[in-house]
Amino acid sequence: MLRSTISSLVPRATSVARHMSNAAKLTTVEINDVTGIATLTMNRPPVNGLNLELLTDLNNSIQEIEDNKSRGLILTSSNPTIFSAGLDILEMYKPDKERLKAFWTTLQDVWLALYGSAVPTAAAINGHSPAGGCLLATSCEYRVMLPKFTIGLNETKLGIVAPKWFMSSFLSVLPRRVAERALNQGRMFTTDEALRNGLIDEVANSKEEALAKCAEFIGSFSKVNPLARSLTKQQLRAAELSELENERAQDLEKFIFFVNQPAVQKGLGIYLENLKKKSKN
Ligand SMILES: CCCCCCCCCCCC/C=C/CC(=O)SCCNC(=O)CCNC(=O)[C@H](O)C(C)(C)COP(=O)(O)OP(=O)(O)OC[C@H]1O[C@@H](n2cnc3c(N)ncnc32)[C@H](O)[C@@H]1OP(=O)(O)O
């Protein structure tokens with residue numbers, strides 16, 4: 001459900017950005033005191049794999065940004081070549097039952113909070129963004145990406161299935177036939193392909209430029225009534241949000257059942273092994 005927090009139109013004091021969250025966490029939130037825009041940075045080396053702890057910090061940070069009435073949220077990564085490698089496969093491979101439940105429930109929370117955020121959202125995609133990384137990026141309203149990286153929902157390549165709400169975010173950005181083919185193929189788009197197909201909105205040559213373009217997008221709403229804006233967004237996104245809200249328990253059950261299938265476990269094991277082999281070469 002879209003949060004009701006509305007950013008104020010009162011101009012901010014002129015000063016440099018200030019940190020709201022500390023670096024001990026896997027995310028940091030920095031508010032620009034001039035623009036009032038919050039930059040939420042993922043920082044879980046080596047690849048920003050979305051494990052339970054990173055998802056928990058992401059969820060708390062989004063909440064913090066909403067509560068502090070920021071003008072907007074920019075999601076990015078501290079890693080210079082990876083936005084996020086998607087879900088940490090180790091959470092799903094030979095999983096602990098209780099942790100697996102908490103992991104998926106927190107992922108649901110993050111998606112509901114980000115896709116349904118009341119504030120304008122943008123992703124500065126400063127590196128590769130497969131699967132769960134693409135989910136985060138497409139949950140935002142605007143995407144700026146650096147050249148020569150890749151983005152997409154590659155689940156079928158891992159022998160897994162993107163849940164419906166992953167598809168909802170993807171479909172909110174791409175034309176249906178492009179989304180359908182890409183999902184079935186597990187296609188990863190290069191930056192150029194992503195731009196051509198509308199999966200991203202702009203290309204930037206540096207992270208700084210990407211952040212500036214995201215800020216410009218968020219700034220484009222400065223003359224729009226924030227309540228009218230957020231209620232409009234809420235109506236546009238309500239169907240997908242309610243669908244997951246109403247089916248959270250079934251979605252969790254399906255996930256747990258699916259992940260525990262021997263064929264899925266075998267596929268994940270092989271995929272992990274190949275990733276490790278590749279990283280050693
Ligand atoms: C009827 C219908 C039913 C429907 C039911 C639905 C049920 C739900 C099903 C379940 C759905 C689950 C959805 C999952 C979505 C996901 O997000 S899955 C994750 C997908 N991610 C990937 O495929 C990315 C894999 N990684 C890479 O491609 C590369 O690592 C990279 C491009 C991100 C970075 O490359 P590079 O910089 O060269 O680093 P590497 O050397 O490859 O990696 C370093 C290090 O990290 C490990 N690693 C990489 N990614 C992951 C990951 N996602 N999880 C865990 N670990 C990862 C990699 O193995 C290396 O480790 P070592 O250093 O070797 O230890």
# chains A, B, ... in the order shown; residues from 1 in each chain; ligands from 1
$ residues_near_ligand --ligand "ligand 1" --cutoff "6 Å" --atoms "only C-alpha atoms and all ligand atoms" --output "ChimeraX atom specification"
/A:46-47,49,85-90,128,130-132,155,160-163,254-255,258,272,275-276,279
$ select_by_dssp --residues "range 4-207 of chain A" --states "alpha helix (DSSP H)" --output "PyMOL selection string"
chain A and resi 52-67+97-115+132-139+164-171+176-185+191-197+207
$ write_last_selection --atoms "C-alpha atoms" --output "PDB file, in the first residue's frame"
ATOM      1  CA  LEU A  52      18.100 -11.335   4.751  1.00  0.00           C
ATOM      2  CA  GLU A  53      20.294  -8.701   6.398  1.00  0.00           C
ATOM      3  CA  LEU A  54      20.611  -6.470   3.315  1.00  0.00           C
ATOM      4  CA  LEU A  55      16.880  -6.742   2.659  1.00  0.00           C
ATOM      5  CA  THR A  56      16.136  -5.840   6.280  1.00  0.00           C
ATOM      6  CA  ASP A  57      18.377  -2.779   6.059  1.00  0.00           C
ATOM      7  CA  LEU A  58      16.833  -1.780   2.728  1.00  0.00           C
ATOM      8  CA  ASN A  59      13.373  -2.047   4.207  1.00  0.00           C
ATOM      9  CA  ASN A  60      14.321   0.021   7.260  1.00  0.00           C
ATOM     10  CA  SER A  61      16.044   2.629   5.107  1.00  0.00           C
ATOM     11  CA  ILE A  62      13.022   3.052   2.829  1.00  0.00           C
ATOM     12  CA  GLN A  63      10.853   3.460   5.917  1.00  0.00           C
ATOM     13  CA  GLU A  64      13.316   6.016   7.347  1.00  0.00           C
ATOM     14  CA  ILE A  65      13.221   8.013   4.099  1.00  0.00           C
ATOM     15  CA  GLU A  66       9.415   8.031   4.069  1.00  0.00           C
ATOM     16  CA  ASP A  67       9.272   9.027   7.731  1.00  0.00           C
ATOM     17  CA  LYS A  97      13.415 -23.290   6.945  1.00  0.00           C
ATOM     18  CA  GLU A  98      12.803 -20.353   9.299  1.00  0.00           C
ATOM     19  CA  ARG A  99      15.414 -18.118   7.712  1.00  0.00           C
ATOM     20  CA  LEU A 100      14.012 -18.851   4.248  1.00  0.00           C
ATOM     21  CA  LYS A 101      10.583 -17.674   5.443  1.00  0.00           C
ATOM     22  CA  ALA A 102      12.010 -14.485   6.927  1.00  0.00           C
ATOM     23  CA  PHE A 103      14.077 -13.900   3.785  1.00  0.00           C
ATOM     24  CA  TRP A 104      11.124 -14.084   1.392  1.00  0.00           C
ATOM     25  CA  THR A 105       8.806 -12.141   3.702  1.00  0.00           C
ATOM     26  CA  THR A 106      11.364  -9.343   3.913  1.00  0.00           C
ATOM     27  CA  LEU A 107      11.770  -9.322   0.138  1.00  0.00           C
ATOM     28  CA  GLN A 108       7.992  -8.924  -0.145  1.00  0.00           C
ATOM     29  CA  ASP A 109       8.196  -6.041   2.372  1.00  0.00           C
ATOM     30  CA  VAL A 110      10.926  -4.318   0.376  1.00  0.00           C
ATOM     31  CA  TRP A 111       9.005  -4.570  -2.883  1.00  0.00           C
ATOM     32  CA  LEU A 112       5.781  -3.296  -1.321  1.00  0.00           C
ATOM     33  CA  ALA A 113       7.665  -0.395   0.273  1.00  0.00           C
ATOM     34  CA  LEU A 114       9.661   0.568  -2.823  1.00  0.00           C
ATOM     35  CA  TYR A 115       7.056  -0.010  -5.542  1.00  0.00           C
ATOM     36  CA  GLY A 132      16.491  -9.149  -7.879  1.00  0.00           C
ATOM     37  CA  GLY A 133      18.681  -6.169  -8.861  1.00  0.00           C
ATOM     38  CA  CYS A 134      16.401  -5.567 -11.831  1.00  0.00           C
ATOM     39  CA  LEU A 135      13.381  -5.977  -9.548  1.00  0.00           C
ATOM     40  CA  LEU A 136      14.647  -3.137  -7.340  1.00  0.00           C
ATOM     41  CA  ALA A 137      15.441  -0.925 -10.332  1.00  0.00           C
ATOM     42  CA  THR A 138      12.084  -1.505 -12.017  1.00  0.00           C
ATOM     43  CA  SER A 139      10.249  -0.816  -8.760  1.00  0.00           C
ATOM     44  CA  LYS A 164       4.101 -12.538 -10.555  1.00  0.00           C
ATOM     45  CA  TRP A 165       5.060  -9.387  -8.662  1.00  0.00           C
ATOM     46  CA  PHE A 166       8.566  -9.433 -10.202  1.00  0.00           C
ATOM     47  CA  MET A 167       6.747  -9.513 -13.528  1.00  0.00           C
ATOM     48  CA  SER A 168       4.483  -6.633 -12.451  1.00  0.00           C
ATOM     49  CA  SER A 169       7.433  -4.308 -11.975  1.00  0.00           C
ATOM     50  CA  PHE A 170       8.938  -5.407 -15.287  1.00  0.00           C
ATOM     51  CA  LEU A 171       5.601  -4.935 -17.069  1.00  0.00           C
ATOM     52  CA  ARG A 176       4.071  -6.638 -22.802  1.00  0.00           C
ATOM     53  CA  ARG A 177       5.492  -8.517 -25.780  1.00  0.00           C
ATOM     54  CA  VAL A 178       9.041  -7.395 -25.009  1.00  0.00           C
ATOM     55  CA  ALA A 179       8.606  -8.322 -21.336  1.00  0.00           C
ATOM     56  CA  GLU A 180       7.079 -11.700 -22.148  1.00  0.00           C
ATOM     57  CA  ARG A 181       9.856 -12.690 -24.526  1.00  0.00           C
ATOM     58  CA  ALA A 182      12.597 -11.417 -22.229  1.00  0.00           C
ATOM     59  CA  LEU A 183      11.134 -13.256 -19.212  1.00  0.00           C
ATOM     60  CA  ASN A 184      10.817 -16.518 -21.123  1.00  0.00           C
ATOM     61  CA  GLN A 185      14.362 -16.180 -22.446  1.00  0.00           C
ATOM     62  CA  THR A 191      22.766  -0.804 -21.327  1.00  0.00           C
ATOM     63  CA  ASP A 192      22.172   0.120 -24.994  1.00  0.00           C
ATOM     64  CA  GLU A 193      19.500  -2.548 -25.443  1.00  0.00           C
ATOM     65  CA  ALA A 194      17.841  -1.523 -22.180  1.00  0.00           C
ATOM     66  CA  LEU A 195      17.656   2.072 -23.406  1.00  0.00           C
ATOM     67  CA  ARG A 196      16.315   1.073 -26.829  1.00  0.00           C
ATOM     68  CA  ASN A 197      13.589  -1.064 -25.255  1.00  0.00           C
ATOM     69  CA  LYS A 207      27.820   7.547 -11.152  1.00  0.00           C
TER      70      LYS A 207
END
$ residues_around --residues "Ser70 in chain A" --least-positions-apart "3" --cutoff "8 Å" --atoms "only C-alpha atoms" --output "count of residues only"
10
$ closest_residue --among "A:Glu247, A:Leu174, A:Ala204, A:Arg187" --to "Thr156 in chain A" --atoms "only C-alpha atoms"
A:Arg187
$ atom_distance --atom1 "CA of Gln234 in chain A" --atom2 "CA of Asn68 in chain A"
19.4 Å
$ closest_residue --among "A:Gly186, A:Gly269, A:Gly219, A:Pro226" --to "Thr35 in chain A" --atoms "only C-alpha atoms"
A:Gly219
$ select_by_dssp --residues "range 27-227 of chain A" --states "strand (DSSP E)" --output "NGL selection string"
:A and (27-31 or 37-42 or 72-77 or 121-125 or 129-130 or 142-145 or 150-152 or 189-190 or 202-203)
$ write_last_selection --atoms "C-alpha atoms" --output "mmCIF file, in the first residue's frame"
data_model
loop_
_atom_site.group_PDB
_atom_site.id
_atom_site.type_symbol
_atom_site.label_atom_id
_atom_site.label_comp_id
_atom_site.auth_asym_id
_atom_site.auth_seq_id
_atom_site.Cartn_x
_atom_site.Cartn_y
_atom_site.Cartn_z
ATOM 1 C CA THR A 27 22.774 0.403 3.508
ATOM 2 C CA THR A 28 23.435 4.081 4.018
ATOM 3 C CA VAL A 29 21.021 6.951 3.615
ATOM 4 C CA GLU A 30 22.354 10.376 2.796
ATOM 5 C CA ILE A 31 20.037 13.372 2.562
ATOM 6 C CA ILE A 37 16.529 14.043 -1.826
ATOM 7 C CA ALA A 38 17.703 10.886 -0.049
ATOM 8 C CA THR A 39 20.317 8.645 -1.633
ATOM 9 C CA LEU A 40 20.001 5.068 -0.447
ATOM 10 C CA THR A 41 23.198 3.107 -1.107
ATOM 11 C CA MET A 42 23.530 -0.668 -0.951
ATOM 12 C CA GLY A 72 12.621 11.673 -3.235
ATOM 13 C CA LEU A 73 14.659 8.498 -3.062
ATOM 14 C CA ILE A 74 17.588 7.514 -5.276
ATOM 15 C CA LEU A 75 18.705 3.894 -5.026
ATOM 16 C CA THR A 76 22.302 3.072 -5.908
ATOM 17 C CA SER A 77 25.288 0.908 -4.993
ATOM 18 C CA THR A 121 11.910 7.110 -6.687
ATOM 19 C CA ALA A 122 14.791 6.654 -9.136
ATOM 20 C CA ALA A 123 17.578 4.120 -9.570
ATOM 21 C CA ALA A 124 21.135 5.117 -10.448
ATOM 22 C CA ILE A 125 22.193 1.758 -11.879
ATOM 23 C CA SER A 129 21.642 -5.553 -12.267
ATOM 24 C CA PRO A 130 20.382 -9.112 -12.765
ATOM 25 C CA TYR A 142 12.984 6.236 -13.252
ATOM 26 C CA ARG A 143 16.223 4.491 -14.185
ATOM 27 C CA VAL A 144 19.583 5.906 -15.235
ATOM 28 C CA MET A 145 22.278 3.364 -16.089
ATOM 29 C CA THR A 150 23.581 -5.629 -18.024
ATOM 30 C CA ILE A 151 20.091 -5.687 -16.552
ATOM 31 C CA GLY A 152 17.200 -8.130 -16.744
ATOM 32 C CA PHE A 189 19.838 -6.479 -21.697
ATOM 33 C CA THR A 190 23.005 -4.474 -22.264
ATOM 34 C CA GLU A 202 18.712 7.437 -19.646
ATOM 35 C CA VAL A 203 22.382 6.547 -19.860
#
$ residues_around --residues "range 259-268 of chain A" --least-positions-apart "5" --cutoff "8 Å" --atoms "only C-alpha atoms" --output "list in words"
Ile89, Met92, Tyr93, Lys94, Leu158, Gly159 and Ile160 of chain A
$ write_last_selection --atoms "N, CA and C atoms" --output "compact mmCIF listing (two decimals), in the first residue's frame"
# COMPACT_ATOMS: atom_id res chain seq x y z
N ILE A 89 21.92 -16.26 -3.70
CA ILE A 89 21.49 -17.64 -3.98
C ILE A 89 21.73 -18.54 -2.77
N MET A 92 18.83 -19.47 -0.77
CA MET A 92 17.84 -20.42 -1.32
C MET A 92 18.41 -21.82 -1.49
N TYR A 93 19.74 -21.92 -1.44
CA TYR A 93 20.37 -23.21 -1.66
C TYR A 93 20.57 -23.90 -0.30
N LYS A 94 20.05 -25.11 -0.19
CA LYS A 94 20.08 -25.87 1.08
C LYS A 94 19.65 -24.96 2.23
N LEU A 158 18.32 -19.77 -14.51
CA LEU A 158 18.74 -20.47 -13.29
C LEU A 158 17.81 -21.66 -13.01
N GLY A 159 16.82 -21.84 -13.87
CA GLY A 159 15.84 -22.91 -13.64
C GLY A 159 14.83 -22.52 -12.58
N ILE A 160 14.66 -21.21 -12.34
CA ILE A 160 13.63 -20.76 -11.41
C ILE A 160 12.66 -19.84 -12.13
$ closest_residue --among "A:Lys213, A:Ile256, A:Asn126, A:Ile270" --to "Phe149 in chain A" --atoms "only C-alpha atoms"
A:Asn126
$ atom_distance --atom1 "CA of Pro120 in chain A" --atom2 "CA of Gln235 in chain A"
14.5 Å
$ closest_residue --among "A:Asn48, A:Val34, A:Arg248, A:Gly127" --to "Pro80 in chain A" --atoms "only C-alpha atoms"
A:Gly127
$ atom_distance --atom1 "CA of Ala239 in chain A" --atom2 "CA of Arg71 in chain A"
24.8 Å
$ closest_residue --among "A:Glu91, A:Asp251, A:Glu273, A:Glu209" --to "Pro147 in chain A" --atoms "only C-alpha atoms"
A:Glu209
$ closest_residue --among "A:Ser117, A:Asn274, A:Asn205, A:Asn281" --to "Lys233 in chain A" --atoms "only C-alpha atoms"
A:Ser117
